[in-house]
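What follows is the content of target28.txt, which has compact mmCIF, C-alpha atoms and all ligand atoms:
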```
# COMPACT_ATOMS: atom_id res chain seq x y z
CA MET A 1 0.00 0.00 0.00
CA GLN A 2 2.79 2.37 0.89
CA THR A 3 4.45 1.73 -2.46
CA THR A 4 1.19 2.49 -4.28
CA ILE A 5 0.98 5.80 -2.42
CA LYS A 6 4.57 6.62 -3.33
CA ASN A 7 3.98 5.75 -7.01
CA ILE A 8 0.85 7.86 -7.20
CA GLU A 9 2.71 10.81 -5.70
CA THR A 10 5.60 10.48 -8.15
CA ASP A 11 3.21 10.19 -11.06
CA LEU A 12 1.26 13.21 -9.85
CA ARG A 13 4.36 15.37 -9.42
CA ASN A 14 5.55 14.52 -12.94
CA GLN A 15 2.23 15.28 -14.53
CA VAL A 16 1.73 18.54 -12.66
CA ALA A 17 5.21 19.72 -13.59
CA GLN A 18 4.54 19.11 -17.27
CA ALA A 19 1.11 20.73 -17.38
CA ALA A 20 1.32 23.77 -19.60
CA THR A 21 -2.16 25.26 -19.29
CA PRO A 22 -4.73 25.63 -16.48
CA LYS A 23 -6.95 23.28 -18.47
CA GLU A 24 -4.34 20.54 -18.37
CA VAL A 25 -4.01 21.04 -14.60
CA GLU A 26 -7.76 20.66 -14.25
CA ASP A 27 -7.61 17.37 -16.20
CA ILE A 28 -4.94 16.15 -13.78
CA ARG A 29 -7.09 17.11 -10.81
CA VAL A 30 -9.98 15.07 -12.21
CA ALA A 31 -7.64 12.12 -12.87
CA PHE A 32 -6.37 12.10 -9.28
CA LEU A 33 -8.96 13.77 -7.09
CA GLY A 34 -12.17 13.50 -9.15
CA LYS A 35 -14.93 11.04 -8.29
CA LYS A 36 -13.12 8.20 -10.01
CA GLY A 37 -9.66 9.70 -9.52
CA SER A 38 -6.86 7.40 -8.33
CA ILE A 39 -6.45 9.12 -4.93
CA THR A 40 -10.22 9.16 -4.30
CA VAL A 41 -10.41 5.46 -5.16
CA LEU A 42 -7.52 4.75 -2.81
CA LEU A 43 -9.16 6.68 0.00
CA SER A 44 -12.40 4.76 -0.49
CA GLN A 45 -10.47 1.52 0.02
CA MET A 46 -9.44 2.67 3.52
CA LYS A 47 -12.52 1.20 5.09
CA ASP A 48 -11.46 -2.31 4.05
CA LEU A 49 -8.13 -2.04 5.86
CA SER A 50 -7.35 -3.56 9.22
CA LEU A 51 -7.10 -1.26 12.21
CA GLU A 52 -3.36 -1.69 12.24
CA GLU A 53 -3.05 -0.73 8.58
CA LYS A 54 -5.42 2.18 8.98
CA LYS A 55 -3.11 3.58 11.64
CA THR A 56 -0.01 3.48 9.50
CA THR A 57 -1.30 4.24 5.99
CA GLY A 58 -4.19 6.52 6.96
CA PRO A 59 -2.02 9.59 7.66
CA LEU A 60 0.03 8.83 4.51
CA MET A 61 -3.08 8.85 2.35
CA GLN A 62 -4.37 12.04 3.91
CA ALA A 63 -0.97 13.59 3.34
CA LEU A 64 -1.05 12.45 -0.29
CA ARG A 65 -4.42 14.09 -0.79
CA GLN A 66 -3.24 17.34 0.74
CA THR A 67 -0.05 17.30 -1.29
CA ALA A 68 -2.08 16.68 -4.47
CA GLU A 69 -4.49 19.51 -3.71
CA GLY A 70 -1.62 21.84 -2.88
CA LEU A 71 0.44 21.02 -5.95
CA ILE A 72 -2.54 21.31 -8.28
CA GLU A 73 -3.65 24.60 -6.83
CA GLU A 74 -0.16 26.02 -6.95
CA ARG A 75 0.42 24.99 -10.56
CA LYS A 76 -2.94 26.30 -11.66
CA ASN A 77 -2.29 29.71 -10.08
CA TYR A 78 1.17 29.84 -11.55
CA LEU A 79 -0.07 29.11 -15.07
CA ILE A 80 -2.91 31.62 -14.86
CA ASN A 81 -0.54 34.37 -13.70
CA HIS A 82 2.11 33.32 -16.17
CA ALA A 83 -0.35 33.54 -19.11
CA ALA A 84 -1.43 37.01 -18.01
CA GLN A 85 2.19 38.12 -17.69
CA ALA A 86 3.11 36.66 -21.07
CA ALA A 87 0.18 38.47 -22.70
CA ALA A 88 1.18 41.75 -21.04
CA LEU A 89 4.77 41.29 -22.15
CA LYS A 90 3.71 40.51 -25.70
CA GLU A 91 1.80 43.76 -25.86
CA GLN A 92 4.79 45.72 -24.61
CA LEU A 93 7.39 44.08 -26.79
CA PHE A 94 5.55 43.41 -30.05
CA ASP A 95 7.78 43.17 -33.10
CA VAL A 96 6.91 45.95 -35.51
CA THR A 97 8.42 44.13 -38.49
CA VAL A 98 6.45 40.93 -38.13
CA GLY A 99 3.76 40.30 -40.72
CA LEU A 100 4.41 43.48 -42.73
CA SER A 101 3.36 43.15 -46.33
CA LYS A 102 6.10 43.95 -48.85
CA ALA A 103 6.62 47.71 -49.03
CA GLN A 104 5.68 49.33 -52.32
CA GLN A 105 8.77 50.73 -53.96
CA GLY A 106 8.74 53.48 -56.53
CA HIS A 107 10.74 53.36 -59.74
CA LEU A 108 11.44 55.39 -62.83
CA HIS A 109 8.88 55.82 -65.58
CA PRO A 110 9.84 54.10 -68.88
CA TYR A 111 10.14 57.56 -70.46
CA THR A 112 12.72 58.57 -67.87
CA HIS A 113 14.67 55.38 -68.57
CA ILE A 114 14.77 55.91 -72.30
CA VAL A 115 15.61 59.63 -72.06
CA GLU A 116 18.47 58.87 -69.69
CA GLU A 117 19.83 56.15 -71.97
CA ILE A 118 19.69 58.39 -75.02
CA GLN A 119 21.34 61.24 -73.18
CA GLN A 120 24.15 58.97 -72.01
CA ILE A 121 24.86 57.82 -75.55
CA PHE A 122 25.07 61.35 -76.92
CA LEU A 123 26.99 62.67 -73.93
CA SER A 124 29.58 59.95 -74.63
CA MET A 125 29.91 61.38 -78.16
CA GLY A 126 30.53 64.88 -76.77
CA TYR A 127 27.03 66.30 -77.27
CA GLU A 128 25.34 68.75 -74.90
CA ILE A 129 21.77 68.29 -73.62
CA TRP A 130 19.43 71.18 -74.41
CA ASP A 131 15.98 72.12 -73.25
CA GLY A 132 13.45 74.47 -74.81
CA PRO A 133 9.94 75.81 -74.19
CA GLU A 134 6.89 73.68 -74.97
CA VAL A 135 4.81 76.75 -75.81
CA GLU A 136 6.54 78.28 -78.80
CA THR A 137 6.16 81.03 -81.36
CA ASP A 138 5.39 80.62 -85.02
CA PHE A 139 8.94 81.79 -85.74
CA TYR A 140 10.76 78.99 -83.87
CA ASN A 141 8.34 76.24 -84.84
CA PHE A 142 7.98 77.19 -88.53
CA GLY A 143 9.47 80.44 -89.86
CA ALA A 144 13.07 79.94 -88.74
CA LEU A 145 12.91 76.34 -89.92
CA ASN A 146 12.31 77.45 -93.49
CA ILE A 147 8.55 76.88 -93.35
CA PRO A 148 7.13 80.32 -94.21
CA GLN A 149 3.46 81.35 -93.59
CA ASP A 150 1.33 79.67 -96.34
CA HIS A 151 3.95 76.96 -97.07
CA PRO A 152 2.21 73.62 -97.72
CA ALA A 153 4.70 71.90 -95.37
CA ARG A 154 2.71 73.39 -92.48
CA ASP A 155 0.04 70.83 -93.35
CA MET A 156 2.43 68.11 -92.10
CA TYR A 157 1.89 69.40 -88.59
CA ASP A 158 -1.60 69.48 -87.10
CA THR A 159 -0.89 72.32 -84.74
CA PHE A 160 -2.48 73.31 -81.45
CA TRP A 161 -2.63 77.12 -81.53
CA THR A 162 -3.08 79.00 -78.28
CA ASP A 163 -5.44 81.92 -77.72
CA THR A 164 -2.51 84.29 -78.13
CA PRO A 165 -2.03 84.78 -81.89
CA GLY A 166 1.29 83.39 -83.14
CA ASN A 167 1.78 81.11 -80.12
CA LEU A 168 1.45 77.36 -80.34
CA LEU A 169 2.35 74.10 -78.63
CA ARG A 170 5.54 73.02 -80.38
CA THR A 171 4.87 70.33 -82.96
CA HIS A 172 8.48 69.15 -82.94
CA THR A 173 11.70 69.66 -80.99
CA SER A 174 13.38 71.22 -84.06
CA THR A 175 12.53 74.56 -82.39
CA VAL A 176 15.43 74.01 -80.01
CA GLN A 177 18.06 73.88 -82.76
CA ILE A 178 17.32 77.50 -83.68
CA ARG A 179 17.54 78.62 -80.06
CA ALA A 180 20.79 76.65 -79.62
CA MET A 181 22.40 78.25 -82.68
CA GLN A 182 21.35 81.72 -81.57
CA GLU A 183 23.03 81.21 -78.21
CA ARG A 184 26.26 79.52 -79.35
CA LYS A 185 29.12 79.73 -81.79
CA PRO A 186 30.29 76.67 -83.78
CA PRO A 187 31.36 74.01 -83.17
CA ILE A 188 27.92 73.16 -81.84
CA ALA A 189 26.75 69.66 -80.88
CA GLY A 190 23.67 68.94 -78.83
CA ILE A 191 20.44 67.04 -78.47
CA ALA A 192 17.08 68.25 -77.18
CA PRO A 193 14.75 65.55 -75.92
CA GLY A 194 11.30 66.82 -75.05
CA ARG A 195 7.55 66.78 -75.32
CA THR A 196 5.79 67.68 -78.55
CA PHE A 197 2.11 68.12 -79.38
CA ARG A 198 -0.06 67.50 -82.42
CA HIS A 199 -3.77 67.61 -82.98
CA GLU A 200 -4.02 63.85 -83.60
CA ALA A 201 -6.89 61.43 -83.19
CA VAL A 202 -5.64 59.10 -80.44
CA ASP A 203 -5.11 55.42 -81.27
CA ALA A 204 -2.57 52.70 -80.43
CA SER A 205 0.20 54.47 -82.35
CA HIS A 206 -0.83 58.15 -82.18
CA ASP A 207 -1.22 60.47 -79.24
CA TYR A 208 -1.66 64.24 -79.08
CA GLN A 209 1.48 64.40 -76.96
CA PHE A 210 4.61 62.38 -77.49
CA MET A 211 8.36 62.79 -77.19
CA GLN A 212 10.95 63.60 -79.79
CA CYS A 213 14.66 64.14 -79.66
CA GLU A 214 16.28 66.73 -81.86
CA GLY A 215 19.98 66.69 -82.66
CA LEU A 216 22.21 69.31 -84.21
CA PHE A 217 25.86 69.37 -85.20
CA VAL A 218 27.42 72.47 -86.78
CA ASP A 219 31.06 72.98 -87.67
CA LYS A 220 33.36 73.49 -90.64
CA HIS A 221 33.52 70.61 -93.15
CA VAL A 222 30.57 68.64 -91.83
CA THR A 223 29.31 66.04 -94.31
CA ILE A 224 26.48 63.58 -94.80
CA GLY A 225 28.93 60.85 -93.75
CA HIS A 226 29.04 62.32 -90.25
CA LEU A 227 25.25 62.17 -90.05
CA PHE A 228 25.11 58.52 -91.14
CA ALA A 229 27.91 57.48 -88.79
CA THR A 230 26.22 59.28 -85.90
CA ALA A 231 22.88 57.59 -86.63
CA GLN A 232 24.50 54.16 -86.83
CA THR A 233 26.59 54.61 -83.67
CA PHE A 234 23.56 55.82 -81.73
CA LEU A 235 21.22 53.06 -82.88
CA LYS A 236 23.82 50.34 -82.22
CA ALA A 237 24.30 51.63 -78.68
CA LEU A 238 20.59 52.02 -77.97
CA PHE A 239 19.62 48.56 -79.21
CA GLU A 240 22.81 47.01 -77.85
CA LYS A 241 23.96 45.55 -81.17
CA ASP A 242 27.61 45.10 -82.20
CA THR A 243 26.66 45.57 -85.81
CA LEU A 244 23.53 47.18 -87.18
CA ASP A 245 22.87 47.93 -90.83
CA ILE A 246 21.28 51.24 -91.71
CA ARG A 247 19.65 52.25 -94.98
CA ILE A 248 19.29 55.74 -96.34
CA ARG A 249 16.41 57.05 -98.42
CA PRO A 250 15.67 60.57 -99.58
CA GLY A 251 13.13 62.40 -97.44
CA PHE A 252 11.69 65.89 -97.52
CA PHE A 253 11.89 68.28 -94.59
CA PRO A 254 12.00 72.03 -95.36
CA PHE A 255 14.76 72.63 -92.78
CA VAL A 256 17.31 70.27 -94.36
CA GLU A 257 18.78 69.92 -97.81
CA PRO A 258 19.33 67.18 -98.71
CA GLY A 259 16.96 65.40 -96.34
CA PHE A 260 16.89 61.69 -95.50
CA GLU A 261 14.96 58.94 -93.85
CA ILE A 262 17.37 56.60 -92.13
CA ASP A 263 16.09 53.07 -91.51
CA MET A 264 17.69 50.40 -89.37
CA ARG A 265 17.61 46.66 -89.87
CA CYS A 266 14.79 45.17 -87.82
CA VAL A 267 16.18 44.26 -84.43
CA PHE A 268 13.42 41.70 -83.83
CA CYS A 269 13.63 39.43 -86.87
CA LYS A 270 15.71 38.35 -89.86
CA THR A 271 13.04 37.63 -92.43
CA GLY A 272 10.17 39.99 -91.63
CA CYS A 273 7.75 40.47 -88.73
CA SER A 274 4.80 42.62 -87.71
CA VAL A 275 7.05 45.34 -86.23
CA CYS A 276 8.93 45.90 -89.53
CA LYS A 277 5.78 45.19 -91.56
CA GLN A 278 7.55 42.23 -93.21
CA SER A 279 10.19 44.54 -94.75
CA THR A 280 13.09 43.82 -92.30
CA TRP A 281 13.65 47.62 -92.13
CA ILE A 282 12.34 50.04 -89.50
CA GLU A 283 12.09 53.77 -90.18
CA VAL A 284 13.65 55.48 -87.18
CA PHE A 285 15.89 58.42 -87.87
CA PRO A 286 14.91 61.34 -90.12
CA GLY A 287 17.62 63.92 -90.69
CA GLY A 288 19.66 65.86 -93.21
CA MET A 289 22.09 68.67 -93.86
CA VAL A 290 20.89 71.88 -92.22
CA HIS A 291 19.36 74.19 -94.84
CA PRO A 292 21.35 77.44 -95.38
CA ASN A 293 18.21 79.47 -94.52
CA VAL A 294 18.02 77.71 -91.16
CA LEU A 295 21.69 78.36 -90.40
CA LYS A 296 21.06 82.01 -91.24
CA ALA A 297 18.00 82.14 -88.95
CA GLY A 298 20.25 80.79 -86.20
CA GLY A 299 22.83 83.51 -86.85
CA ILE A 300 25.39 81.23 -88.52
CA ASP A 301 27.11 81.99 -91.82
CA PRO A 302 26.26 79.14 -94.25
CA THR A 303 29.24 80.01 -96.46
CA LYS A 304 31.62 79.14 -93.62
CA TYR A 305 29.80 76.43 -91.72
CA ALA A 306 27.72 73.37 -92.43
CA GLY A 307 25.74 71.13 -90.16
CA PHE A 308 23.53 68.11 -89.91
CA ALA A 309 20.33 67.76 -87.92
CA PHE A 310 18.02 64.93 -87.02
CA GLY A 311 14.82 64.55 -85.09
CA PHE A 312 13.68 61.09 -84.12
CA GLY A 313 10.53 59.97 -82.36
CA LEU A 314 11.75 59.23 -78.85
CA THR A 315 8.40 57.72 -77.94
CA ARG A 316 8.59 55.46 -80.97
CA LEU A 317 12.14 54.31 -80.21
CA GLY A 318 11.19 53.68 -76.58
CA MET A 319 8.22 51.59 -77.66
CA LEU A 320 10.45 49.60 -80.00
CA LYS A 321 13.14 49.11 -77.38
CA TYR A 322 10.76 47.98 -74.63
CA GLY A 323 8.27 46.17 -76.88
CA ILE A 324 5.36 48.49 -75.96
CA ASP A 325 2.59 48.11 -78.53
CA ASP A 326 0.17 50.83 -77.41
CA ILE A 327 1.29 54.45 -77.02
CA ARG A 328 -1.70 55.20 -74.76
CA LEU A 329 -0.17 53.07 -71.99
CA LEU A 330 2.71 55.50 -71.50
CA TYR A 331 0.64 58.27 -69.91
CA SER A 332 -2.06 55.96 -68.58
CA GLY A 333 -0.66 55.69 -65.06
CA LYS A 334 -1.66 52.00 -65.10
CA LEU A 335 0.38 50.29 -62.41
CA LYS A 336 0.21 46.88 -64.09
CA PHE A 337 2.03 48.43 -67.03
CA LEU A 338 4.42 50.64 -65.08
CA GLU A 339 5.50 47.96 -62.63
CA GLN A 340 7.16 46.05 -65.45
CA PHE A 341 9.92 48.62 -65.71
N1 LIG A 401 10.99 67.83 -87.04
C1 LIG A 401 10.72 66.68 -87.86
C2 LIG A 401 9.36 66.14 -87.54
O1 LIG A 401 8.87 66.35 -86.47
C3 LIG A 401 11.76 65.62 -87.66
C4 LIG A 401 13.07 66.01 -88.28
C5 LIG A 401 13.37 65.56 -89.54
C6 LIG A 401 13.98 66.79 -87.59
C7 LIG A 401 14.57 65.89 -90.13
C8 LIG A 401 15.18 67.15 -88.18
C9 LIG A 401 15.47 66.68 -89.46
O2 LIG A 401 16.08 67.91 -87.60
O3 LIG A 401 16.64 67.02 -90.04
O4 LIG A 401 8.77 65.49 -88.34
```
Would you mind giving the structure from this file in structure tokens?
Amino acid sequence: MQTTIKNIETDLRNQVAQAATPKEVEDIRVAFLGKKGSITVLLSQMKDLSLEEKKTTGPLMQALRQTAEGLIEERKNYLINHAAQAAALKEQLFDVTVGLSKAQQGHLHPYTHIVEEIQQIFLSMGYEIWDGPEVETDFYNFGALNIPQDHPARDMYDTFWTDTPGNLLRTHTSTVQIRAMQERKPPIAGIAPGRTFRHEAVDASHDYQFMQCEGLFVDKHVTIGHLFATAQTFLKALFEKDTLDIRIRPGFFPFVEPGFEIDMRCVFCKTGCSVCKQSTWIEVFPGGMVHPNVLKAGGIDPTKYAGFAFGFGLTRLGMLKYGIDDIRLLYSGKLKFLEQF
């Protein structure tokens, strides 16, 4: 009997020590002190003992019951207090970084990327970067560029006129070449990336605002060869090609003579695709030798100096480079589109 008492006590101590919640302690109490609990059952067997045995084991059993009650009570109180303390501590010391959703990070707009790339390429060739006003005068947008009043070439540009007569939203960045010549003496080399505006019906490839990049080079002994080499060097760098064929066709622009359309070999295919309209050539780089009238309007003597100019669609090149097939996406502010860059 004494051994049974000892075993029960050992078992009880172990179980109580391992109990982790008040509920587990309660289960232990039921298992030992409940109606059918082992200690209760043992106590109920007392009556069957002899007087002698009652004398010796009786106090032991009572002691066991008291010990059990004490241990259980103590553990229960400890766990209840401990849980409250732990909860209080958790509130004080909560970890601010846990469970944070990924922070939204900003990034550059595709336009900014392409402008920066283009600027880098021309800066590496010794060009300056120029800026000019978006609201211009008739003189800078047309007159100085050898497009007089009533000249049919004005039809090429569907112009937004402002309420102030003679003022307009520039239809091309060629305006900046006049301003640059007026402010400098040759040799002159610079590009002017910027926004341009035309009264266009908007569709996947036309918008009423888009970006162009004008380029101008003026010095003594400048030839068409310099223009072609510049176009090829620039396009190779932009499209990251070691070799890139270009093709030259005549083109008419009143501010250059002769004028050209420079095409590059399609960078997406070898035999024809939808981008090059099955021709393997993409029209990208209009330019020519600056017309003597334009040099004069810029204050430069055309008998001493010559120059070449070009003005490519920066939006168009950006769309080609990044595979964007709808111009409307660029100013849409759509995050699904922008987040790809
Ligand atoms: N300004 C012309 C346009 O918007 C593009 C252009 C063509 C610019 C030839 C030039 C050039 O400087 O030489 O259509």
Nearby residues (all atoms listed in the file) at most 12 Å from Lys236 in chain A, same-chain spacing under 3 positions excluded, as an mmCIF file with C-alpha atoms, in the frame of the given file:
```
data_model
loop_
_atom_site.group_PDB
_atom_site.id
_atom_site.type_symbol
_atom_site.label_atom_id
_atom_site.label_comp_id
_atom_site.auth_asym_id
_atom_site.auth_seq_id
_atom_site.Cartn_x
_atom_site.Cartn_y
_atom_site.Cartn_z
ATOM 1 C CA ILE A 118 19.690 58.390 -75.020
ATOM 2 C CA ILE A 121 24.860 57.820 -75.550
ATOM 3 C CA ALA A 229 27.910 57.480 -88.790
ATOM 4 C CA THR A 230 26.220 59.280 -85.900
ATOM 5 C CA ALA A 231 22.880 57.590 -86.630
ATOM 6 C CA GLN A 232 24.500 54.160 -86.830
ATOM 7 C CA THR A 233 26.590 54.610 -83.670
ATOM 8 C CA PHE A 239 19.620 48.560 -79.210
ATOM 9 C CA GLU A 240 22.810 47.010 -77.850
ATOM 10 C CA LYS A 241 23.960 45.550 -81.170
ATOM 11 C CA ASP A 242 27.610 45.100 -82.200
ATOM 12 C CA THR A 243 26.660 45.570 -85.810
ATOM 13 C CA LEU A 244 23.530 47.180 -87.180
ATOM 14 C CA ASP A 245 22.870 47.930 -90.830
ATOM 15 C CA ILE A 246 21.280 51.240 -91.710
ATOM 16 C CA MET A 264 17.690 50.400 -89.370
ATOM 17 C CA ARG A 265 17.610 46.660 -89.870
ATOM 18 C CA CYS A 266 14.790 45.170 -87.820
ATOM 19 C CA VAL A 267 16.180 44.260 -84.430
ATOM 20 C CA LYS A 321 13.140 49.110 -77.380
#
```
TODO: Using only C-alpha atoms and all ligand atoms, determine which residues fall within 8 Å of ligand LIG 401 (chain A), then list them as a count of residues only.
DONE: 30
Task: Using all atoms listed in the file: which of A:Leu42, A:Met319, A:Val218, A:Ile72 has the shortest distance to Asp27 in chain A - done: A:Ile72
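Shell of Glu339 in chain A at 12 Å, with all atoms listed in the file counted and residues fewer than 2 places along the chain excluded, is Gln104, Gln105, Gly106, His107, Leu108, His109, Pro110, Leu330, Gly333, Lys334, Leu335, Lys336, Phe337 and Phe341 of chain A.
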TODO: Work out how far apart CA of Tyr331 in chain A and CA of Ala237 in chain A are and give it in Å to one decimal.
DONE: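 One can read the CA of Tyr331 in chain A to CA of Ala237 in chain A distance as 26.1 Å.
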Task: Separation of CA of Phe122 in chain A from CA of Pro292 in chain A, in Å and rounded to one decimal - done: 24.8 Å
- [ ] Please indicate the distance in Å from CA of Ile191 in chain A to CA of Glu128 in chain A, rounded to one decimal place.
- [x] 6.3 Å
Give me the range 168-269 of chain A side of the contact with range 135-141 of chain A, cut-off 7 Å, one line per residue showing its nearest atom pair and distance in Å at one decimal, counting only C-alpha atoms, sorted by chain and residue number, as a Markdown table.
```
| residue | atom | partner | partner_atom | distance |
| --- | --- | --- | --- | --- |
| A:Leu168 | CA | A:Glu136 | CA | 5.4 |
| A:Leu169 | CA | A:Val135 | CA | 4.6 |
| A:Arg170 | CA | A:Glu136 | CA | 5.6 |
| A:Thr175 | CA | A:Tyr140 | CA | 5.0 |
| A:Ile178 | CA | A:Tyr140 | CA | 6.7 |
```
TODO: Rank A:Ser101, A:Asn14, A:Ser38, A:Thr196 by their smallest atom-to-atom distance to Gln209 in chain A, using only C-alpha atoms, and report the top residue only.
DONE: A:Thr196
- [ ] Pick out the residues sitting within 9 Å of range 220-225 of chain A, and hand them over as a list in words; count all atoms listed in the file, and ignore anything fewer than 6 positions along from it in its own chain.
- [x]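 Here the qualifying residues turn out to be Pro186, Pro187, Pro258, Gly288, Met289, Lys304, Tyr305, Ala306, Gly307 and Phe308 of chain A.
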Open item on the list: Could you check the closest approach to Gly194 in chain A for each of A:Thr315, A:Thr21, A:Ser274, A:Gln45 and tell me which residue wins, using only C-alpha atoms?
Closed with: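 Looking at the shortest contact to Gly194 in chain A, the residue is A:Thr315.
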- [ ] Excluding Thr40 in chain A and any residue of its chain fewer than 4 positions from it, enumerate the residues within 10 Å of it, using only C-alpha atoms, and give them as a ChimeraX atom specification.
- [x] /A:30-36,44-45,61,65
Please, could you write that set of residues out with C-alpha atoms as a PDB file, keeping the file's coordinate frame?
```pdb
ATOM      1  CA  VAL A  30      -9.980  15.070 -12.210  1.00  0.00           C
ATOM      2  CA  ALA A  31      -7.640  12.120 -12.870  1.00  0.00           C
ATOM      3  CA  PHE A  32      -6.370  12.100  -9.280  1.00  0.00           C
ATOM      4  CA  LEU A  33      -8.960  13.770  -7.090  1.00  0.00           C
ATOM      5  CA  GLY A  34     -12.170  13.500  -9.150  1.00  0.00           C
ATOM      6  CA  LYS A  35     -14.930  11.040  -8.290  1.00  0.00           C
ATOM      7  CA  LYS A  36     -13.120   8.200 -10.010  1.00  0.00           C
ATOM      8  CA  SER A  44     -12.400   4.760  -0.490  1.00  0.00           C
ATOM      9  CA  GLN A  45     -10.470   1.520   0.020  1.00  0.00           C
ATOM     10  CA  MET A  61      -3.080   8.850   2.350  1.00  0.00           C
ATOM     11  CA  ARG A  65      -4.420  14.090  -0.790  1.00  0.00           C
TER      12      ARG A  65
END
```
Build an axis-aligned box that encloses every atom of range 130-148 of chain A listed in the file, pad it by 3 Å on each side, and report its centre and edge lengths in Å to one decimal, as lines of an AutoDock Vina configuration file.
```
center_x = 12.1
center_y = 76.5
center_z = -83.7
size_x = 20.6
size_y = 16.6
size_z = 27.0
```
